[in-house]
$ cat final.cif   # mmCIF, C-alpha atoms
data_start
#
loop_
_atom_site.label_atom_id
_atom_site.label_comp_id
_atom_site.auth_asym_id
_atom_site.auth_seq_id
_atom_site.Cartn_x
_atom_site.Cartn_y
_atom_site.Cartn_z
CA MET R 1 75.73 -76.07 -0.95
CA ASN R 2 77.78 -73.55 -2.88
CA ILE R 3 76.48 -74.98 -6.16
CA LYS R 4 72.86 -74.39 -5.10
CA ILE R 5 73.60 -70.81 -4.14
CA LYS R 6 75.24 -70.14 -7.47
CA LEU R 7 72.26 -71.61 -9.32
CA LEU R 8 69.89 -69.37 -7.38
CA LEU R 9 71.97 -66.33 -8.19
CA ILE R 10 72.02 -67.22 -11.92
CA VAL R 11 68.25 -67.72 -11.94
CA ALA R 12 67.70 -64.39 -10.16
CA VAL R 13 69.90 -62.53 -12.64
CA VAL R 14 68.16 -64.10 -15.62
CA PHE R 15 64.74 -63.25 -14.12
CA ASN R 16 65.74 -59.63 -13.55
CA LEU R 17 66.95 -59.23 -17.10
CA THR R 18 63.75 -60.70 -18.48
CA ALA R 19 61.64 -58.41 -16.29
CA CYS R 20 63.55 -55.32 -17.35
CA SER R 21 63.14 -56.13 -21.01
CA THR R 22 59.42 -56.70 -20.49
CA ILE R 23 58.98 -53.35 -18.71
CA LYS R 24 60.94 -51.54 -21.44
CA SER R 25 58.61 -53.04 -24.02
CA TYR R 26 55.71 -51.22 -22.34
CA PHE R 27 57.64 -47.91 -22.25
CA PRO R 28 59.69 -47.74 -25.46
CA ASP R 29 62.47 -45.17 -25.74
CA LYS R 30 61.47 -42.36 -28.14
CA GLU R 31 64.79 -40.56 -28.02
CA LYS R 32 65.81 -41.71 -31.50
CA ASP R 33 62.42 -40.74 -32.87
CA TYR R 34 62.84 -37.19 -31.53
CA GLN R 35 66.32 -36.98 -33.02
CA PHE R 36 65.20 -37.89 -36.52
CA THR R 37 61.92 -35.94 -36.67
CA THR R 38 61.49 -33.06 -39.14
CA GLU R 39 59.79 -29.64 -38.60
CA ILE R 40 56.13 -29.26 -39.52
CA PRO R 41 55.59 -26.74 -42.34
CA PRO R 42 53.94 -23.46 -41.23
CA LEU R 43 50.15 -23.21 -41.45
CA ILE R 44 48.97 -21.23 -44.46
CA LEU R 45 45.86 -19.09 -43.77
CA PRO R 46 43.49 -17.86 -46.47
CA PRO R 47 43.78 -14.15 -47.33
CA ASP R 48 40.47 -13.17 -45.65
CA LEU R 49 41.62 -14.64 -42.31
CA ALA R 50 45.22 -13.42 -42.37
CA GLY R 51 46.20 -10.42 -40.25
CA ASP R 52 44.07 -8.45 -37.78
CA THR R 53 41.49 -7.21 -40.26
CA LEU R 54 37.85 -7.98 -39.60
CA VAL R 55 35.94 -10.21 -41.94
CA LYS R 56 33.27 -8.30 -43.83
CA VAL R 57 29.96 -10.09 -44.01
CA PRO R 58 27.92 -9.33 -47.13
CA ALA R 59 24.69 -7.49 -46.50
CA ALA R 60 22.69 -10.24 -48.16
CA ALA R 61 23.87 -12.70 -45.51
CA VAL R 62 22.46 -10.63 -42.64
CA ALA R 63 18.97 -11.74 -41.62
CA PRO R 64 16.48 -8.86 -41.94
CA VAL R 65 14.83 -7.60 -38.74
CA ALA R 66 11.15 -8.35 -38.67
CA PRO R 67 9.07 -5.15 -38.49
CA VAL R 68 7.06 -4.59 -35.33
CA ASN R 69 3.34 -4.43 -36.04
CA GLU R 70 1.12 -1.72 -34.59
CA GLU R 71 -0.45 -3.98 -31.97
CA ALA R 72 2.95 -5.01 -30.61
CA SER R 73 4.16 -1.41 -30.53
CA GLU R 74 1.06 -0.38 -28.57
CA ILE R 75 1.74 -3.15 -26.04
CA LEU R 76 5.33 -1.97 -25.65
CA GLN R 77 4.21 1.62 -25.15
CA THR R 78 1.51 0.73 -22.62
CA SER R 79 3.92 -1.47 -20.65
CA ARG R 80 6.18 1.49 -19.95
CA PRO R 81 5.32 3.60 -16.88
CA VAL R 82 3.65 6.83 -17.88
CA GLU R 83 4.81 9.80 -15.88
CA PRO R 84 2.05 12.26 -14.99
CA GLU R 85 2.26 15.59 -16.70
CA PRO R 86 3.23 18.41 -14.35
CA GLU R 87 0.46 20.84 -13.54
CA PRO R 88 0.86 24.25 -15.13
CA LEU R 89 1.98 27.03 -12.86
CA VAL R 90 -0.96 29.23 -11.91
CA ASP R 91 -0.87 32.50 -10.03
CA ARG R 92 -3.02 31.76 -7.00
CA LYS R 93 -4.09 35.37 -6.67
CA LEU R 94 -5.59 35.27 -10.18
CA ILE R 95 -7.91 32.34 -9.38
CA LYS R 96 -11.45 33.67 -9.20
CA VAL R 97 -13.78 32.40 -6.45
CA GLU R 98 -17.42 33.54 -6.26
CA LEU R 99 -20.95 32.54 -5.32
CA VAL R 100 -23.22 32.09 -8.33
CA ASP R 101 -26.92 31.42 -8.79
CA ALA R 102 -28.12 28.00 -9.93
CA GLU R 103 -31.41 26.30 -10.68
CA GLN R 104 -34.16 25.94 -8.08
CA ALA R 105 -33.02 29.10 -6.30
CA THR R 106 -29.85 27.42 -5.10
CA LYS R 107 -26.34 28.79 -4.85
CA ARG R 108 -23.06 27.33 -5.95
CA LEU R 109 -19.44 28.13 -5.24
CA ARG R 110 -17.48 28.58 -8.48
CA ILE R 111 -13.70 28.19 -8.39
CA GLY R 112 -11.64 29.18 -11.44
CA ALA R 113 -9.45 26.04 -11.36
CA ASN R 114 -9.64 22.40 -12.39
CA GLN R 115 -11.13 19.81 -10.08
CA VAL R 116 -7.77 18.61 -8.73
CA MET R 117 -6.80 22.09 -7.52
CA ALA R 118 -10.33 22.87 -6.33
CA TRP R 119 -10.38 19.64 -4.32
CA ARG R 120 -7.28 20.71 -2.41
CA MET R 121 -8.68 24.21 -1.82
CA VAL R 122 -11.99 22.96 -0.43
CA GLY R 123 -10.28 20.33 1.74
CA LYS R 124 -7.90 22.92 3.14
CA ALA R 125 -10.78 25.32 3.89
CA LEU R 126 -12.71 22.59 5.73
CA SER R 127 -9.61 21.79 7.77
CA ARG R 128 -8.95 25.44 8.63
CA LYS R 129 -12.49 25.85 9.98
CA THR R 130 -12.31 22.49 11.80
CA LEU R 131 -15.44 21.20 10.08
CA GLU R 132 -16.10 17.51 10.58
CA VAL R 133 -15.61 15.48 7.40
CA THR R 134 -17.22 12.07 7.81
CA ASP R 135 -16.30 10.74 4.36
CA ARG R 136 -14.58 11.82 1.16
CA ASP R 137 -14.25 10.39 -2.34
CA GLN R 138 -11.88 12.33 -4.61
CA GLU R 139 -12.66 10.19 -7.64
CA LYS R 140 -16.33 11.19 -7.43
CA GLY R 141 -15.53 14.65 -6.01
CA LEU R 142 -17.60 14.23 -2.82
CA PHE R 143 -17.14 15.58 0.71
CA HIS R 144 -19.54 14.44 3.46
CA VAL R 145 -19.52 17.10 6.18
CA ARG R 146 -21.38 18.12 9.32
CA TYR R 147 -22.00 21.82 9.82
CA ASP R 148 -23.61 23.96 12.51
CA PRO R 149 -23.47 27.73 11.79
CA ASN R 150 -24.11 28.55 15.47
CA LYS R 151 -21.35 26.36 16.84
CA GLN R 152 -18.91 28.34 18.96
CA PRO R 153 -15.24 27.47 19.26
CA PHE R 154 -14.22 25.87 22.53
CA GLU R 155 -12.59 28.20 25.03
CA ASP R 156 -10.92 27.48 28.35
CA GLU R 157 -13.36 29.17 30.72
CA SER R 158 -14.34 28.85 34.35
CA PHE R 159 -15.27 25.69 36.17
CA LEU R 160 -18.99 26.57 36.04
CA ASP R 161 -18.79 26.96 32.26
CA GLU R 162 -17.31 23.51 32.02
CA ILE R 163 -20.15 22.11 34.15
CA ASN R 164 -22.69 23.77 31.86
CA PHE R 165 -20.87 22.35 28.84
CA LEU R 166 -21.18 18.83 30.27
CA PHE R 167 -24.95 19.14 30.49
CA LYS R 168 -25.65 21.32 27.46
CA GLY R 169 -22.64 20.90 25.20
CA PHE R 170 -23.81 17.62 23.76
CA VAL R 171 -26.86 19.29 22.21
CA SER R 172 -25.89 20.17 18.65
CA ASP R 173 -27.66 21.55 15.59
CA GLU R 174 -25.17 20.10 13.14
CA GLN R 175 -26.63 19.11 9.82
CA GLN R 176 -25.16 16.67 7.34
CA TYR R 177 -24.39 17.90 3.83
CA ILE R 178 -22.65 16.57 0.75
CA LEU R 179 -20.31 18.82 -1.19
CA LYS R 180 -20.03 17.75 -4.81
CA LEU R 181 -17.31 19.16 -7.09
CA VAL R 182 -18.16 19.32 -10.79
CA GLU R 183 -15.61 20.55 -13.35
CA THR R 184 -16.76 22.39 -16.48
CA ASN R 185 -14.50 24.28 -18.91
CA ALA R 186 -11.50 24.37 -16.54
CA GLN R 187 -13.76 25.68 -13.74
CA THR R 188 -15.14 23.77 -10.77
CA GLU R 189 -18.47 24.35 -9.08
CA VAL R 190 -19.17 23.21 -5.52
CA ILE R 191 -22.77 22.04 -5.12
CA ILE R 192 -24.35 21.49 -1.70
CA MET R 193 -26.69 18.49 -1.49
CA ASP R 194 -28.58 16.70 1.25
CA LYS R 195 -28.02 13.08 2.27
CA ASP R 196 -30.20 12.00 -0.69
CA GLU R 197 -27.81 13.89 -3.02
CA LYS R 198 -30.41 16.51 -3.96
CA PRO R 199 -29.48 20.22 -4.17
CA VAL R 200 -30.59 22.21 -1.13
CA ALA R 201 -31.32 25.89 -0.72
CA ASP R 202 -31.62 26.84 2.92
CA ALA R 203 -29.96 29.35 5.19
CA THR R 204 -27.56 26.77 6.66
CA SER R 205 -26.27 25.58 3.29
CA LEU R 206 -25.82 29.18 2.14
CA SER R 207 -23.88 29.90 5.33
CA LEU R 208 -21.60 26.93 4.61
CA LEU R 209 -20.95 28.08 1.03
CA THR R 210 -20.22 31.61 2.25
CA LEU R 211 -17.77 30.24 4.83
CA LEU R 212 -15.93 28.22 2.16
CA ASN R 213 -15.91 31.21 -0.20
CA ASP R 214 -14.37 33.55 2.38
CA THR R 215 -11.85 30.97 3.63
CA ILE R 216 -10.59 30.03 0.13
CA LYS R 217 -10.30 33.69 -0.90
CA ALA R 218 -8.30 34.51 2.23
CA ASP R 219 -5.99 31.54 1.58
CA LEU R 220 -5.42 32.54 -2.07
CA SER R 221 -4.65 36.14 -1.19
CA SER R 222 -2.07 35.13 1.42
CA LYS R 223 1.65 35.15 0.58
CA LYS R 224 2.04 31.39 1.11
#

$ encode --input "final.cif" --output "structure tokens"
Amino acid sequence: MNIKIKLLLIVAVVFNLTACSTIKSYFPDKEKDYQFTTEIPPLILPPDLAGDTLVKVPAAAVAPVAPVNEEASEILQTSRPVEPEPEPLVDRKLIKVELVDAEQATKRLRIGANQVMAWRMVGKALSRKTLEVTDRDQEKGLFHVRYDPNKQPFEDESFLDEINFLFKGFVSDEQQYILKLVETNAQTEVIIMDKDEKPVADATSLSLLTLLNDTIKADLSSKK
């Protein structure tokens, strides 16, 4: 029994030694290699790469920039947003407003300003006099208005007056006109036309032009 145990021990020892040598063959010891290695010589750089100086590239090696043709430059310019030019400062009190004669015995209102400024003046005058504007087109310079020269402003009166207003107040002599603004030589003329866009010359249209003339003049002469 003791002999068998001894044989087993001898076999185990031999097996362990063989296994260790096999494992060491997979992981060889490099200690001697490290001990006998020599230093690597320093890296030698060319003169143009040595130091912190920048490398100069010859001008011939730089690719030339292609010139931009006129069509491309126009596209670039049109693609940028164009800011509107500020309007020149004008002394409001120096703007001349007057009624002038026109063809076919008609009258026109002449405003000494461009159409943009005249449009604001006429619109403000219509608003001040609470005239009904049914339509407006600034691009074409047109105001569609209703006007009654005999219309009285509403007042808070007695109960009987309110009863009379209910039965008679709906009767109106308002007429429909078209105000057309036409700019010529930095001046704007206001022409009164009928619904067929033909110039008119009647007492009502003259009254409307006179009302606009007086209202615009009063607004220009004010301190505001």

$ resolve_selection --input "final.cif" --expression "the PyMOL selection byres ((chain R and resi 104) around 9)" --output "number ranges by chain"
R: 102-103, 105-107, 199-201

$ closest_residue --input "final.cif" --among "R:Thr204, R:Asn213, R:Gln175, R:Gln115" --to "Val133 of chain R" --atoms "all atoms listed in the file"
R:Gln175

$ closest_residue --input "final.cif" --among "R:Asp173, R:Asp219, R:Glu139, R:Asp91" --to "Leu126 of chain R" --atoms "all atoms listed in the file"
R:Asp219

$ atom_distance --input "final.cif" --atom1 "atom CA of Asn150 of chain R" --atom2 "atom CA of Ser127 of chain R"
17.8 Å

$ resolve_selection --input "final.cif" --expression "the PyMOL selection byres ((chain R and resi 211) around 12)" --output "CSV table (one decimal) with C-alpha atoms, in the frame of the given file"
chain,number,residue,atom,x,y,z
R,98,GLU,CA,-17.4,33.5,-6.3
R,99,LEU,CA,-21.0,32.5,-5.3
R,109,LEU,CA,-19.4,28.1,-5.2
R,122,VAL,CA,-12.0,23.0,-0.4
R,125,ALA,CA,-10.8,25.3,3.9
R,126,LEU,CA,-12.7,22.6,5.7
R,128,ARG,CA,-9.0,25.4,8.6
R,129,LYS,CA,-12.5,25.8,10.0
R,130,THR,CA,-12.3,22.5,11.8
R,131,LEU,CA,-15.4,21.2,10.1
R,147,TYR,CA,-22.0,21.8,9.8
R,148,ASP,CA,-23.6,24.0,12.5
R,149,PRO,CA,-23.5,27.7,11.8
R,204,THR,CA,-27.6,26.8,6.7
R,205,SER,CA,-26.3,25.6,3.3
R,206,LEU,CA,-25.8,29.2,2.1
R,207,SER,CA,-23.9,29.9,5.3
R,208,LEU,CA,-21.6,26.9,4.6
R,209,LEU,CA,-21.0,28.1,1.0
R,210,THR,CA,-20.2,31.6,2.2
R,212,LEU,CA,-15.9,28.2,2.2
R,213,ASN,CA,-15.9,31.2,-0.2
R,214,ASP,CA,-14.4,33.6,2.4
R,215,THR,CA,-11.8,31.0,3.6
R,216,ILE,CA,-10.6,30.0,0.1
R,217,LYS,CA,-10.3,33.7,-0.9
R,218,ALA,CA,-8.3,34.5,2.2

$ atom_distance --input "final.cif" --atom1 "atom CA of Lys96 of chain R" --atom2 "atom CA of Arg110 of chain R"
7.9 Å
